[in-house]
$ cat protein04.pdb   # PDB, C-alpha atoms
ATOM      1  CA  MET A  29       5.392 -24.288 -28.108
ATOM      2  CA  HIS A  30       2.202 -23.733 -26.140
ATOM      3  CA  ASP A  31      -0.682 -21.718 -27.512
ATOM      4  CA  ILE A  32      -0.510 -17.976 -26.914
ATOM      5  CA  PRO A  33      -3.869 -16.173 -27.203
ATOM      6  CA  LEU A  34      -4.285 -15.073 -30.799
ATOM      7  CA  PHE A  35      -4.697 -11.388 -30.000
ATOM      8  CA  LEU A  36      -1.259 -11.297 -28.355
ATOM      9  CA  PHE A  37       0.467 -12.129 -31.632
ATOM     10  CA  PHE A  38      -0.551  -8.729 -32.974
ATOM     11  CA  PHE A  39       1.413  -7.042 -30.181
ATOM     12  CA  THR A  40       4.388  -9.327 -29.555
ATOM     13  CA  THR A  41       7.719  -9.738 -31.317
ATOM     14  CA  SER A  42       9.578 -12.992 -31.872
ATOM     15  CA  THR A  43      13.030 -13.388 -30.375
ATOM     16  CA  ARG A  44      15.437 -16.246 -29.821
ATOM     17  CA  ILE A  45      17.557 -16.899 -26.728
ATOM     18  CA  THR A  46      21.078 -16.650 -28.097
ATOM     19  CA  HIS A  47      23.209 -16.378 -24.967
ATOM     20  CA  ILE A  48      22.892 -17.082 -21.238
ATOM     21  CA  ALA A  49      25.486 -16.102 -18.648
ATOM     22  CA  ARG A  50      25.267 -16.732 -14.922
ATOM     23  CA  SER A  51      26.368 -13.529 -13.208
ATOM     24  CA  THR A  52      25.786 -14.694  -9.629
ATOM     25  CA  SER A  53      24.169 -17.714  -8.008
ATOM     26  CA  THR A  54      20.778 -15.987  -8.281
ATOM     27  CA  LEU A  55      21.179 -13.810 -11.379
ATOM     28  CA  ARG A  56      21.329 -14.762 -15.052
ATOM     29  CA  LEU A  57      22.008 -12.411 -17.958
ATOM     30  CA  PHE A  58      20.114 -13.285 -21.122
ATOM     31  CA  THR A  59      20.669 -12.110 -24.677
ATOM     32  CA  LEU A  60      17.590 -12.295 -26.892
ATOM     33  CA  THR A  61      17.986 -11.701 -30.635
ATOM     34  CA  LEU A  62      15.063 -10.420 -32.682
ATOM     35  CA  THR A  63      13.839 -12.740 -35.416
ATOM     36  CA  THR A  64      11.326 -10.219 -36.734
ATOM     37  CA  PRO A  65      11.924  -6.518 -37.535
ATOM     38  CA  HIS A  66      10.178  -3.324 -36.456
ATOM     39  CA  PHE A  67      10.761  -3.595 -32.713
ATOM     40  CA  THR A  68      11.718  -0.543 -30.660
ATOM     41  CA  PHE A  69      11.889   0.314 -26.982
ATOM     42  CA  LYS A  70      12.900   3.211 -24.731
ATOM     43  CA  PRO A  71      15.650   3.035 -22.105
ATOM     44  CA  GLY A  72      14.077   1.949 -18.821
ATOM     45  CA  GLN A  73      11.251  -0.137 -20.251
ATOM     46  CA  TRP A  74      10.507  -3.742 -19.332
ATOM     47  CA  LEU A  75       9.580  -6.725 -21.456
ATOM     48  CA  ASP A  76       6.579  -8.979 -21.159
ATOM     49  CA  VAL A  77       8.187 -12.331 -21.976
ATOM     50  CA  HIS A  78       5.975 -15.214 -23.115
ATOM     51  CA  VAL A  79       7.844 -18.488 -22.611
ATOM     52  CA  PRO A  80       6.846 -21.693 -24.485
ATOM     53  CA  THR A  81       5.358 -23.779 -21.700
ATOM     54  CA  PRO A  82       1.794 -24.416 -20.523
ATOM     55  CA  ALA A  83       3.081 -23.935 -16.975
ATOM     56  CA  ALA A  84       3.377 -20.192 -17.667
ATOM     57  CA  PRO A  85       0.157 -19.043 -19.356
ATOM     58  CA  SER A  86       0.899 -15.414 -18.440
ATOM     59  CA  PRO A  87       4.045 -13.493 -19.399
ATOM     60  CA  GLY A  88       6.808 -12.591 -17.006
ATOM     61  CA  GLY A  89       7.920  -8.987 -16.672
ATOM     62  CA  PHE A  90      11.702  -8.486 -16.894
ATOM     63  CA  THR A  91      13.686  -5.282 -17.257
ATOM     64  CA  ILE A  92      15.848  -4.557 -20.287
ATOM     65  CA  ILE A  93      19.371  -3.578 -19.208
ATOM     66  CA  SER A  94      20.729  -2.884 -22.700
ATOM     67  CA  PRO A  95      20.399   0.387 -24.662
ATOM     68  CA  PRO A  96      18.346   0.598 -27.878
ATOM     69  CA  SER A  97      21.557   0.856 -29.901
ATOM     70  CA  LEU A  98      22.217  -2.832 -29.199
ATOM     71  CA  LEU A  99      19.203  -3.940 -31.253
ATOM     72  CA  PRO A 100      18.565  -6.497 -32.735
ATOM     73  CA  ARG A 101      19.871  -7.852 -29.435
ATOM     74  CA  LEU A 102      18.182  -7.331 -26.077
ATOM     75  CA  GLN A 103      19.806  -8.013 -22.718
ATOM     76  CA  LEU A 104      17.782  -9.012 -19.668
ATOM     77  CA  ALA A 105      18.831  -9.594 -16.070
ATOM     78  CA  ILE A 106      16.609 -12.275 -14.515
ATOM     79  CA  GLN A 107      16.627 -13.271 -10.864
ATOM     80  CA  ALA A 108      16.038 -16.864  -9.808
ATOM     81  CA  ALA A 109      12.389 -17.122  -8.727
ATOM     82  CA  PRO A 110      11.145 -20.724  -8.530
ATOM     83  CA  HIS A 111       7.563 -19.647  -7.769
ATOM     84  CA  ASN A 112       7.378 -17.363 -10.825
ATOM     85  CA  PRO A 113       6.582 -19.720 -13.763
ATOM     86  CA  PRO A 114       8.245 -17.643 -16.547
ATOM     87  CA  ALA A 115      11.366 -17.086 -14.432
ATOM     88  CA  ALA A 116      11.451 -20.756 -13.421
ATOM     89  CA  TRP A 117      11.344 -21.783 -17.097
ATOM     90  CA  LEU A 118      14.192 -19.362 -17.874
ATOM     91  CA  TRP A 119      16.223 -20.831 -15.010
ATOM     92  CA  GLN A 120      16.244 -24.342 -16.433
ATOM     93  CA  HIS A 121      19.571 -25.929 -17.344
ATOM     94  CA  GLU A 122      20.976 -23.625 -20.057
ATOM     95  CA  PRO A 123      21.204 -26.177 -22.921
ATOM     96  CA  LEU A 124      17.473 -26.881 -22.535
ATOM     97  CA  ILE A 125      16.441 -23.324 -23.401
ATOM     98  CA  GLU A 126      19.278 -21.777 -25.401
ATOM     99  CA  GLY A 127      18.065 -21.293 -28.973
ATOM    100  CA  LYS A 128      14.394 -21.391 -27.962
ATOM    101  CA  GLU A 129      11.954 -18.815 -29.315
ATOM    102  CA  VAL A 130      10.143 -16.469 -26.910
ATOM    103  CA  LYS A 131       7.616 -13.741 -27.650
ATOM    104  CA  VAL A 132       8.167 -10.298 -26.153
ATOM    105  CA  ARG A 133       6.402  -6.964 -25.841
ATOM    106  CA  ALA A 134       7.917  -3.741 -24.446
ATOM    107  CA  GLY A 135       6.046  -1.587 -21.969
ATOM    108  CA  GLY A 136       6.355   0.992 -19.210
ATOM    109  CA  ASN A 137       6.595   4.778 -18.913
ATOM    110  CA  PHE A 138       9.609   4.908 -16.577
ATOM    111  CA  THR A 139      11.990   6.010 -19.313
ATOM    112  CA  PHE A 140      14.826   8.351 -20.201
ATOM    113  CA  PRO A 141      14.452  10.848 -21.751
ATOM    114  CA  PRO A 142      11.320  11.554 -19.690
ATOM    115  CA  PRO A 143       7.964  11.221 -21.442
ATOM    116  CA  GLU A 144       6.918  14.375 -23.268
ATOM    117  CA  GLU A 145       3.789  14.640 -21.146
ATOM    118  CA  SER A 146       5.980  15.110 -18.059
ATOM    119  CA  GLY A 147       6.817  18.635 -19.212
ATOM    120  CA  VAL A 148      10.520  18.268 -18.360
ATOM    121  CA  ALA A 149      11.805  16.405 -21.402
ATOM    122  CA  GLY A 150      14.017  19.348 -22.452
ATOM    123  CA  GLY A 151      16.613  21.428 -20.630
ATOM    124  CA  ILE A 152      18.047  18.539 -18.584
ATOM    125  CA  GLY A 153      21.664  18.940 -17.502
ATOM    126  CA  HIS A 154      21.915  16.640 -14.463
ATOM    127  CA  VAL A 155      20.402  13.174 -13.970
ATOM    128  CA  VAL A 156      20.359  11.498 -10.546
ATOM    129  CA  PHE A 157      19.693   7.744 -10.434
ATOM    130  CA  VAL A 158      18.701   6.191  -7.096
ATOM    131  CA  ALA A 159      18.279   2.413  -6.875
ATOM    132  CA  ALA A 160      17.727  -0.309  -4.308
ATOM    133  CA  GLY A 161      18.487  -3.931  -5.123
ATOM    134  CA  VAL A 162      17.210  -5.106  -8.514
ATOM    135  CA  GLY A 163      15.738  -1.642  -9.020
ATOM    136  CA  VAL A 164      19.090  -0.870 -10.606
ATOM    137  CA  ASN A 165      18.143  -2.782 -13.770
ATOM    138  CA  PRO A 166      16.100  -0.172 -15.697
ATOM    139  CA  LEU A 167      18.571   2.501 -14.646
ATOM    140  CA  LEU A 168      21.405   0.562 -16.281
ATOM    141  CA  SER A 169      19.642   0.799 -19.648
ATOM    142  CA  MET A 170      19.176   4.553 -19.160
ATOM    143  CA  LEU A 171      22.794   5.012 -18.085
ATOM    144  CA  ARG A 172      24.136   3.089 -21.082
ATOM    145  CA  TYR A 173      21.974   5.219 -23.382
ATOM    146  CA  ILE A 174      23.308   8.421 -21.791
ATOM    147  CA  GLN A 175      26.902   7.211 -22.035
ATOM    148  CA  GLU A 176      26.399   6.687 -25.771
ATOM    149  CA  SER A 177      24.073   9.519 -26.779
ATOM    150  CA  GLU A 178      23.993  12.253 -24.130
ATOM    151  CA  LYS A 179      27.624  12.535 -23.114
ATOM    152  CA  ASP A 180      27.308  16.180 -22.002
ATOM    153  CA  LEU A 181      24.895  15.267 -19.218
ATOM    154  CA  GLU A 182      26.117  15.145 -15.638
ATOM    155  CA  VAL A 183      25.131  11.826 -14.056
ATOM    156  CA  SER A 184      24.982  10.868 -10.373
ATOM    157  CA  PHE A 185      24.214   7.259  -9.411
ATOM    158  CA  LEU A 186      23.432   5.905  -5.940
ATOM    159  CA  TRP A 187      22.774   2.196  -5.424
ATOM    160  CA  SER A 188      21.933   0.384  -2.206
ATOM    161  CA  THR A 189      22.260  -3.380  -2.495
ATOM    162  CA  LYS A 190      23.235  -6.646  -0.890
ATOM    163  CA  THR A 191      26.352  -8.582  -1.862
ATOM    164  CA  PRO A 192      27.608  -9.882  -4.188
ATOM    165  CA  VAL A 193      27.665  -7.101  -6.757
ATOM    166  CA  PRO A 194      27.467  -8.548 -10.298
ATOM    167  CA  GLU A 195      30.601  -7.820 -12.302
ATOM    168  CA  ALA A 196      28.460  -7.210 -15.394
ATOM    169  CA  TYR A 197      26.810  -4.297 -13.604
ATOM    170  CA  MET A 198      30.029  -2.824 -12.341
ATOM    171  CA  SER A 199      31.534  -2.847 -15.841
ATOM    172  CA  VAL A 200      28.857  -0.298 -16.785
ATOM    173  CA  LEU A 201      29.001   1.693 -13.563
ATOM    174  CA  SER A 202      32.811   1.845 -13.527
ATOM    175  CA  ALA A 203      32.664   4.698 -16.024
ATOM    176  CA  LEU A 204      31.365   6.858 -13.167
ATOM    177  CA  ASP A 205      33.767   8.137 -10.533
ATOM    178  CA  GLU A 206      33.034   9.550  -7.108
ATOM    179  CA  PRO A 207      31.171  11.693  -6.296
ATOM    180  CA  SER A 208      29.125  10.654  -9.324
ATOM    181  CA  PHE A 209      28.768   7.034  -8.203
ATOM    182  CA  LYS A 210      28.100   5.834  -4.674
ATOM    183  CA  LEU A 211      27.571   2.198  -3.726
ATOM    184  CA  PHE A 212      25.988   1.289  -0.387
ATOM    185  CA  ILE A 213      26.259  -2.284   0.907
ATOM    186  CA  THR A 214      23.552  -2.832   3.494
ATOM    187  CA  GLY A 215      24.075  -6.394   4.596
ATOM    188  CA  ALA A 216      20.272  -6.464   4.903
ATOM    189  CA  LYS A 217      18.275  -9.661   4.512
ATOM    190  CA  ASP A 218      15.456  -7.698   2.879
ATOM    191  CA  GLU A 219      16.146  -5.059   0.249
ATOM    192  CA  ALA A 220      13.187  -3.062   1.571
ATOM    193  CA  ALA A 221      15.231  -2.564   4.742
ATOM    194  CA  THR A 222      17.465  -0.140   2.846
ATOM    195  CA  VAL A 223      14.935   2.615   3.655
ATOM    196  CA  THR A 224      16.372   4.602   6.530
ATOM    197  CA  ASP A 225      17.807   7.930   7.564
ATOM    198  CA  GLU A 226      20.345   6.273   9.855
ATOM    199  CA  ALA A 227      23.758   4.901   8.984
ATOM    200  CA  VAL A 228      23.724   1.178   9.800
ATOM    201  CA  PRO A 229      26.950  -0.863   9.422
ATOM    202  CA  ALA A 230      26.918  -3.901   7.174
ATOM    203  CA  ALA A 231      28.070  -7.294   8.345
ATOM    204  CA  ALA A 232      31.862  -7.549   8.313
ATOM    205  CA  GLU A 233      31.922 -10.787   6.336
ATOM    206  CA  GLU A 234      29.743  -9.228   3.607
ATOM    207  CA  GLU A 235      31.929  -6.142   3.510
ATOM    208  CA  GLU A 236      34.965  -8.314   2.819
ATOM    209  CA  ALA A 237      33.161  -9.946  -0.122
ATOM    210  CA  VAL A 238      32.833  -6.647  -1.989
ATOM    211  CA  LYS A 239      35.751  -5.652  -4.190
ATOM    212  CA  TRP A 240      34.297  -2.317  -5.320
ATOM    213  CA  PRO A 241      34.698   0.946  -3.315
ATOM    214  CA  HIS A 242      31.566   1.339  -1.226
ATOM    215  CA  GLU A 243      30.073   2.509   2.033
ATOM    216  CA  THR A 244      29.054  -0.162   4.526
ATOM    217  CA  ARG A 245      25.781   1.410   5.530
ATOM    218  CA  ARG A 246      22.342   2.089   4.176
ATOM    219  CA  MET A 247      21.621   4.936   1.821
ATOM    220  CA  THR A 248      19.796   7.934   3.300
ATOM    221  CA  VAL A 249      17.713  10.716   1.817
ATOM    222  CA  GLU A 250      20.514  13.081   2.837
ATOM    223  CA  ASP A 251      22.896  11.151   0.560
ATOM    224  CA  VAL A 252      20.543  11.774  -2.345
ATOM    225  CA  LYS A 253      20.050  15.422  -1.395
ATOM    226  CA  ALA A 254      23.817  15.953  -1.468
ATOM    227  CA  VAL A 255      24.154  14.751  -5.078
ATOM    228  CA  VAL A 256      20.967  16.471  -6.255
ATOM    229  CA  GLU A 257      22.488  19.748  -5.130
ATOM    230  CA  LEU A 258      25.517  19.207  -7.378
ATOM    231  CA  GLY A 259      23.445  20.617 -10.278
ATOM    232  CA  PRO A 260      20.935  23.443 -10.762
ATOM    233  CA  ALA A 261      17.447  22.407  -9.643
ATOM    234  CA  GLU A 262      15.885  23.647 -12.865
ATOM    235  CA  GLU A 263      18.124  21.292 -14.881
ATOM    236  CA  THR A 264      17.963  18.230 -12.579
ATOM    237  CA  VAL A 265      15.772  15.137 -12.784
ATOM    238  CA  VAL A 266      15.766  12.204 -10.360
ATOM    239  CA  TYR A 267      14.890   8.567 -11.097
ATOM    240  CA  VAL A 268      14.110   6.311  -8.131
ATOM    241  CA  CYS A 269      13.592   2.554  -8.513
ATOM    242  CA  GLY A 270      13.296  -0.220  -5.947
ATOM    243  CA  PRO A 271      10.849  -1.904  -3.561
ATOM    244  CA  PRO A 272       7.718   0.136  -2.775
ATOM    245  CA  PRO A 273       8.773   1.322   0.722
ATOM    246  CA  PHE A 274      12.103   2.492  -0.670
ATOM    247  CA  THR A 275      10.689   4.380  -3.644
ATOM    248  CA  GLU A 276       7.948   6.072  -1.658
ATOM    249  CA  THR A 277      10.251   7.164   1.162
ATOM    250  CA  PHE A 278      12.958   8.492  -1.135
ATOM    251  CA  VAL A 279      10.606  10.260  -3.554
ATOM    252  CA  GLU A 280       8.847  12.031  -0.681
ATOM    253  CA  GLY A 281      12.167  12.850   0.959
ATOM    254  CA  VAL A 282      13.782  14.229  -2.189
ATOM    255  CA  VAL A 283      10.800  16.483  -2.943
ATOM    256  CA  ALA A 284      10.608  17.702   0.658
ATOM    257  CA  ARG A 285      14.329  18.359   1.174
ATOM    258  CA  THR A 286      15.684  19.516  -2.172
ATOM    259  CA  GLY A 287      13.075  21.913  -3.498
ATOM    260  CA  LEU A 288      12.665  19.879  -6.686
ATOM    261  CA  GLY A 289       9.144  19.818  -8.070
ATOM    262  CA  ARG A 290       7.401  16.454  -7.958
ATOM    263  CA  GLU A 291       7.251  16.500 -11.763
ATOM    264  CA  ARG A 292      11.053  16.236 -11.847
ATOM    265  CA  VAL A 293      11.169  13.062  -9.726
ATOM    266  CA  PHE A 294      10.270   9.810 -11.509
ATOM    267  CA  MET A 295       9.772   6.484  -9.791
ATOM    268  CA  GLU A 296       9.193   2.811 -10.512
ATOM    269  CA  ARG A 297       8.359   0.163  -7.915
ATOM    270  CA  TRP A 298      10.359  -2.985  -8.610
ATOM    271  CA  TRP A 299      11.068  -5.994  -6.421
TER
END

$ encode --input "protein04.pdb" --output "C-alpha cells"
Amino acid sequence: MHDIPLFLFFFTTSTRITHIARSTSTLRLFTLTLTTPHFTFKPGQWLDVHVPTPAAPSPGGFTIISPPSLLPRLQLAIQAAPHNPPAAWLWQHEPLIEGKEVKVRAGGNFTFPPPEESGVAGGIGHVVFVAAGVGVNPLLSMLRYIQESEKDLEVSFLWSTKTPVPEAYMSVLSALDEPSFKLFITGAKDEAATVTDEAVPAAAEEEEAVKWPHETRRMTVEDVKAVVELGPAEETVVYVCGPPPFTETFVEGVVARTGLGRERVFMERWW
C-alpha cells in the first residue's frame, strides 16, 4: 500500500472491497465493508476514496448509492474512466482488487433531509428528484433512505439518461409508479445535451434496447413543473443533480416557473 499523507489518517476510515458487480459495460457496483467503527454518512454524500497505488496520489470522489442503514457496508457506483487514476485502479480485473483495503472519507452537503441551515428541514411532505445521467447516484441513496424511514413522504422522480439503464438502479426505482417516476431516454451522445425545453425523439435502436416504460425524448422544465405542482409548494423540496448545464438550467427554470423559493431547490453538479 502506498503512503497516504499522515494527516489524512485522522480523517479517513478503513474499508475492504468485499464485492464487485459489473452492472453495464461502463458501470461497476462496489460493496465496501468497514473494518473500523464510528463511521457515519448522510444520504446523498460522496466518498473520497484513497486507493493503494502510487499512480493515484489523490483520492477519487464517488457517490454512495446505499442508505445509512446498510452500514457497515457501503455501495458505490463507479463509471469506467481510464484517465481518472482512482477509477482506473478500481476498474482493474476484479480478482486483483477484491479484498483490498481502501481508505474513505464522507463529504458533501447535498443531503436528505436538507441541512438544518437551509431552514426547510422540517414540514416536508413532497420530495421531487431530478437527475441527468450519473447524477442519479446520490438521489438513489436519498430515495432508499426515504423508502425505509420516511414512508409517508410523497416522492416524484424524473431521470434523463442514455441507454442502457442499469438493472440495479431500476430495482430501487421500481417501487415508484407513474406519475411518481418518469424515465426519459435521450439517445444523446452527451448527457449535457439533456438540457432542453423541446421534445426530441431518441434513436429508434436505443429505444428498443430499453425494457422499462419511458419517454423517448429529453426532459423539460415543464415536466418538472408538472410534478412539483402535485404537492403544496410550502411542503415541497426539489433536488437536482447532473452536469453543470443541466443543473443550472433546471434550477433556474423550476424557481422561475413554479413559485418555489430558491431555498427549497437543492442542486449538485455531477458528471

$ residues_around --input "protein04.pdb" --residues "Arg292 in chain A" --least-positions-apart "3" --cutoff "9 Å" --atoms "only C-alpha atoms" --output "list in words"
Ser146, Gly147, Val148, Glu262, Thr264, Val265, Val266, Tyr267, Val283, Leu288 and Gly289 of chain A

$ atom_distance --input "protein04.pdb" --atom1 "CA of Phe274 in chain A" --atom2 "CA of Leu118 in chain A"
27.9 Å

$ closest_residue --input "protein04.pdb" --among "A:Ile125, A:Leu98, A:Val77, A:Leu204" --to "Ser184 in chain A" --atoms "only C-alpha atoms"
A:Leu204

$ residues_around --input "protein04.pdb" --residues "Val156 in chain A" --least-positions-apart "5" --cutoff "10 Å" --atoms "all atoms listed in the file" --output "PyMOL selection string"
chain A and resi 182-186+208-209+252-253+255-256+258-259+264-268+293

$ residues_around --input "protein04.pdb" --residues "range 51-68 of chain A" --least-positions-apart "6" --cutoff "9 Å" --atoms "all atoms listed in the file" --output "PyMOL selection string"
chain A and resi 41-45+96+99-109+118-119+129-130+133-134+192-196

$ atom_distance --input "protein04.pdb" --atom1 "CA of Val162 in chain A" --atom2 "CA of Trp298 in chain A"
7.2 Å

$ closest_residue --input "protein04.pdb" --among "A:Pro80, A:Pro114, A:Gly136, A:Pro123" --to "Thr46 in chain A" --atoms "all atoms listed in the file"
A:Pro123

$ closest_residue --input "protein04.pdb" --among "A:Ala84, A:Pro143, A:Val132, A:Arg297" --to "Ala115 in chain A" --atoms "all atoms listed in the file"
A:Ala84

$ atom_distance --input "protein04.pdb" --atom1 "CA of Thr244 in chain A" --atom2 "CA of Phe157 in chain A"
19.3 Å

$ residues_around --input "protein04.pdb" --residues "Asn137 in chain A" --least-positions-apart "4" --cutoff "10 Å" --atoms "all atoms listed in the file" --output "compact mmCIF listing (two decimals) with C-alpha atoms, in the coordinates of the input"
# COMPACT_ATOMS: atom_id res chain seq x y z
CA LYS A 70 12.90 3.21 -24.73
CA PRO A 71 15.65 3.04 -22.10
CA GLY A 72 14.08 1.95 -18.82
CA GLN A 73 11.25 -0.14 -20.25
CA TRP A 74 10.51 -3.74 -19.33
CA PRO A 142 11.32 11.55 -19.69
CA PRO A 143 7.96 11.22 -21.44
CA PHE A 294 10.27 9.81 -11.51
CA MET A 295 9.77 6.48 -9.79
CA GLU A 296 9.19 2.81 -10.51

$ resolve_selection --input "protein04.pdb" --expression "the PyMOL selection byres ((chain A and resi 181) around 8)" --output "ChimeraX atom specification"
/A:152-155,174,178-180,182-183

$ axis_aligned_box --input "protein04.pdb" --around "range 57-76 of chain A" --padding-each-side "5 Å" --output "JSON"
{"center_x": 14.3, "center_y": -5.0, "center_z": -27.7, "size_x": 25.4, "size_y": 26.5, "size_z": 29.6}

$ closest_residue --input "protein04.pdb" --among "A:Val158, A:Met247, A:Leu167, A:Met198" --to "Ser94 in chain A" --atoms "all atoms listed in the file"
A:Leu167

$ residues_near_point --input "protein04.pdb" --point "(29.2, 2.2, -18.5)" --cutoff "10 Å" --atoms "only C-alpha atoms" --output "list in words"
Leu168, Ser169, Leu171, Arg172, Tyr173, Ile174, Gln175, Glu176, Ala196, Tyr197, Met198, Ser199, Val200, Leu201, Ser202, Ala203 and Leu204 of chain A

$ closest_residue --input "protein04.pdb" --among "A:Thr248, A:Ser177, A:Phe39, A:Glu145" --to "Ala159 in chain A" --atoms "all atoms listed in the file"
A:Thr248

$ resolve_selection --input "protein04.pdb" --expression "the PyMOL selection byres ((chain A and resi 212) around 6)" --output "list in words"
Ser188, Leu211, Ile213, His242, Glu243, Thr244, Arg245 and Arg246 of chain A

$ resolve_selection --input "protein04.pdb" --expression "the PyMOL selection byres ((chain A and resi 271) around 9)" --output "JSON, numbers by chain"
{"A": [160, 161, 162, 163, 219, 220, 269, 270, 272, 273, 274, 275, 276, 296, 297, 298, 299]}
